[in-house]
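Peer 1: Can you keep this structure in mind? I'll have questions shortly.
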Amino acid sequence: MIGRLWRRRSLVLTLVRRQYQLRYRQSFIGLAWAFIPPLATLGAATLVFGEVIGVDTGKTPYAIFAFAALVPWAFFANSLIFGVPSIVNADSMVRRLAFPRAALPLSSVGAAVLDLVIAAGIFVILAYWTGLGIPATAVLFPVILLIETVFIVGIVLLGSALNVFARDVRVAVPLVTQVWLLVTPVMYPLDSVPAGLRFWFQLNPMTGVVEMSRRVIVDGRLPDAGLLLGTLFGAVAVLLLGYWYFSATERRFTDVI
Amino acid sequence: MDVVTVRDVTKTYRLGVGRARVREMLPPPIDGVVSRLLPGWWNRNTFHALEDVSLSVAAGSSLGIVGANGAGKTTLLKVIAGVTEPTRGEIAVRGRVAALIDLLVGFHPDLTGRENIEFFGALHGIGRRTMANRAPGILEFAEIEDLADTPLKRYSAGMGARLGFGVLTALDVDVIVVDEVLTVGDGDFQRRCVQWLQGFRAGGGTLLFVSHNLALVRDMTERVLWMRDGRVADDGPAGKVVAEYMRELESHDPQRLGFGTGPAWRRIRSGGTRRWGIGGASIKGVRFNEHNGNGAPLELTIAYEASLDDQAVFLVGFSDDSGREVGGAASTPRSLNLPRGEIRCEVASLPLRSGTYFPTVAILSSDGRVRDRWKLDRAIVVDRNGEAEAPDTFGPLAIRATWSGR
């Protein structure tokens, strides 16, 4: 699968470009829409969790605290929302053309990378505007994003393949991402989770991703080695699972879709 | 040298019933275990789209494929083009294949002609810049230069189809697989597509060509494969196989006329529109006289049963091989006061050009509702090759005119 995909890498890039060409066509403000979702989520989260509920985030302003986790979270959620239905959405192509099917989910992740870059840019502006700045440990942020990408690719390969056989998967995606957001310490710190539950929270690779992101781009501390290894292990395991299932069932997509 | 080799290929499909596809969902090796433990469930609702099909195609030659709907023609093309894998058997293709199973697959209505051309190139492994260089040639072939930067959704159907075929001319491939896509566009454009395909072959390319347009198959290919129920019924020189196939299409096989014979999926696959109506009266059978299509009268006898006393109108219509209704005739209203009866319809002459036409018979109620409408499997083959296809007519009707003046 990797070999065929590599020979058609231009297809993945073209699919990414096509999604961008299409996403804002025939709209009033066009690309400005890429900036609105992260800002709107941040505003609502700050209002509810920062002001109404009053989550304790120590010295860090709540907006910075939440946004540092929302940046990698939105990358995950966008990839899932566009990636899982990507093969079924392209059913007419899958039925009639021979091309590496993995190009479809991978290009959805690729399109989410551009949203990630925009959100990260907003974060940098916000950090300097509030006077906190960006700590030197932020150079490790790409490493964390790489681990997250490994996890995302695994889950999107698995989800998009399963969705071909059981459309329940696509229907469940919005619900799953919503619940997943609540059980991931994005809007609240992991420390506020009761000690007895914390172990279970840490089984979720996204917990590691958002916790470590916050540490390197806000707190200026190195990520916890145990959490880093655990998250890396979880991400690689999910990638292997997704890759195995996708390549084992890929040849049946045409006949079932 | 053989470019395409197909050896003992069987393709089995499972019929979905609108639920999740559990059997396909199981990855190997779990599927193997389950198929051994529960063979009854595992093999339920399966059918063979292809059964032990073997063929080979030499480089630079052309093969036509004919057969009824559901005979496995498109499945065979898909297997050769690598769109789907055979359940059993081997496929070997030397060189690069492009398959036009359908026009405009992967094209997006919101993207412009040029953007769609680039995307089509990427689907076939051609880089963006290379495809951008070839775009002017495609647009020129399709004669849509001035629509290059217009979204596809603003194109007329014919313009879209031109683009859909035009992109094929830019692919640098060894084998082209075409499934019934030459019936698009106007006559002029069709001729240009045929000319291009002939040029492709002259340059050493190999062509696999599926069509219901038997005259075109005979012109385009020297060898024809006839598929019937997933098997190769015949494989030989184009003229001979097409003639045999035409004879079968015209044959009076009561099984092919009868409703309710054969597996149910065959009806579903042909669109589920073969027979429908509100009931009250139903067609029991249709008989034909021998008809050679050369202007001789055609006689149909419709046997019917009626369960209520109403005025009814009988219809006999004809559709061409793409399903388009060409025309028909309606009877005067007549009373259905007998439980069963027979109506005879005599068509003095069918003014149709060469081709395959499918009759539809129907009984309408007095208020115009369809009681029973039956699209028959049996084809009327009009073959005017004795007098040569009249070059002075176009469209499905053979309209003869005398021109004068200066």
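Scheme for the structure tokens: letters A, B, ... for chains in order shown; per-chain residue numbers from 1; ligand numbers from 1 in order shown.
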Using only C-alpha atoms, determine which residues lie at most 7 Å from Phe47 in chain B, disregarding the query and same-chain residues fewer than 3 positions distant; provide the list as an NGL selection string.
Peer 2: :B and (12-14)
Peer 1: Leaving out Ala45 in chain A and any residue of its chain fewer than 5 positions from it, which residues lie within 9 Å of it when counting only C-alpha atoms, given as a VMD selection string?
Peer 2: chain A and resid 40 50 62 to 63 66 187
Peer 1: Would you list the contacts of range 76-80 of chain B as a CSV table (one decimal) with C-alpha atoms, in the first residue's frame, taking every protein, DNA or RNA residue within 8 Å and counting only C-alpha atoms, but skipping same-chain residues closer than 4 positions in sequence?
Peer 2:
chain,number,residue,atom,x,y,z
A,96,ARG,CA,-15.0,3.1,-11.4
B,4,VAL,CA,-4.1,-8.4,-21.7
B,6,VAL,CA,-7.3,-13.1,-18.4
B,50,LEU,CA,-18.0,-13.6,-14.1
B,72,GLY,CA,-20.8,-9.2,-17.0
B,84,THR,CA,-11.8,-4.4,-8.7
B,85,GLU,CA,-10.0,-7.7,-8.1
B,86,PRO,CA,-11.2,-11.1,-9.3
B,91,ILE,CA,-5.2,-11.0,-14.8
B,93,VAL,CA,-1.8,-6.5,-18.2
B,99,ALA,CA,-10.6,2.9,-18.2
B,101,ILE,CA,-16.2,3.1,-17.4
B,177,VAL,CA,-11.0,0.4,-22.0
B,179,ASP,CA,-17.6,1.2,-21.7
B,208,LEU,CA,-11.3,-2.9,-25.4
Peer 1: Residues of chain A within 8 Å of chain B, using only C-alpha atoms, as a PyMOL selection string?
Peer 2: chain A and resi 7-8+10-11+14-15+21-22+25+90+92-99+162+165-167+245+248-249+251-252+254-256
Peer 1: Can I get the selection written as a compact mmCIF listing (two decimals), in the first residue's frame, with C-alpha atoms?
Peer 2:
# COMPACT_ATOMS: atom_id res chain seq x y z
CA ARG A 7 4.01 6.58 -6.66
CA ARG A 8 0.77 8.54 -6.59
CA SER A 10 0.84 13.90 -6.36
CA LEU A 11 -2.72 12.56 -6.11
CA THR A 14 -4.03 17.34 -5.63
CA LEU A 15 -6.83 16.04 -3.42
CA GLN A 21 -10.41 24.97 -3.88
CA LEU A 22 -13.88 23.69 -3.10
CA ARG A 25 -16.03 28.52 -3.35
CA ALA A 90 -15.97 9.52 -3.24
CA SER A 92 -18.38 7.12 -7.72
CA MET A 93 -14.60 7.33 -8.10
CA VAL A 94 -13.96 4.25 -5.99
CA ARG A 95 -16.42 2.23 -8.06
CA ARG A 96 -15.00 3.14 -11.44
CA LEU A 97 -11.34 4.07 -11.12
CA ALA A 98 -8.21 2.29 -9.96
CA PHE A 99 -6.19 4.44 -7.57
CA LEU A 162 -15.03 0.54 8.61
CA PHE A 165 -18.92 -1.59 5.44
CA ALA A 166 -21.04 -0.01 8.17
CA ARG A 167 -22.23 3.56 7.64
CA TYR A 245 -7.19 -3.17 8.64
CA ALA A 248 -6.52 -6.01 4.46
CA THR A 249 -9.94 -4.76 3.34
CA ARG A 251 -9.59 -4.49 -2.22
CA ARG A 252 -13.23 -4.99 -1.25
CA THR A 254 -15.13 -1.22 -4.87
CA ASP A 255 -17.57 -4.10 -4.52
CA VAL A 256 -19.25 -3.03 -1.31
Peer 1: For Val194 in chain B, list every protein, DNA or RNA residue within 9 Å, evaluated using only C-alpha atoms, and leave out those in the same chain fewer than 4 positions away; present the list as a PyMOL selection string.
Peer 2: chain B and resi 182+189-190+198-199+220
Peer 1: Compile the contact shell of range 217-225 of chain A as a PyMOL selection string: residues with an atom at most 6 Å away, counting only C-alpha atoms, same-chain residues fewer than 6 positions apart removed.
Peer 2: chain A and resi 135+137-138
Peer 1: So, with only C-alpha atoms as the atoms that count, which of B:Leu225, B:Leu336, B:Leu197, B:Val347 lies closest to Lys73 in chain B?
Peer 2: B:Leu225
Peer 1: Quote the spacing between CA of Pro205 in chain A and CA of Ala161 in chain A in Å to one decimal place.
Peer 2: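 Distance reported for this atom pair: 21.0 Å.
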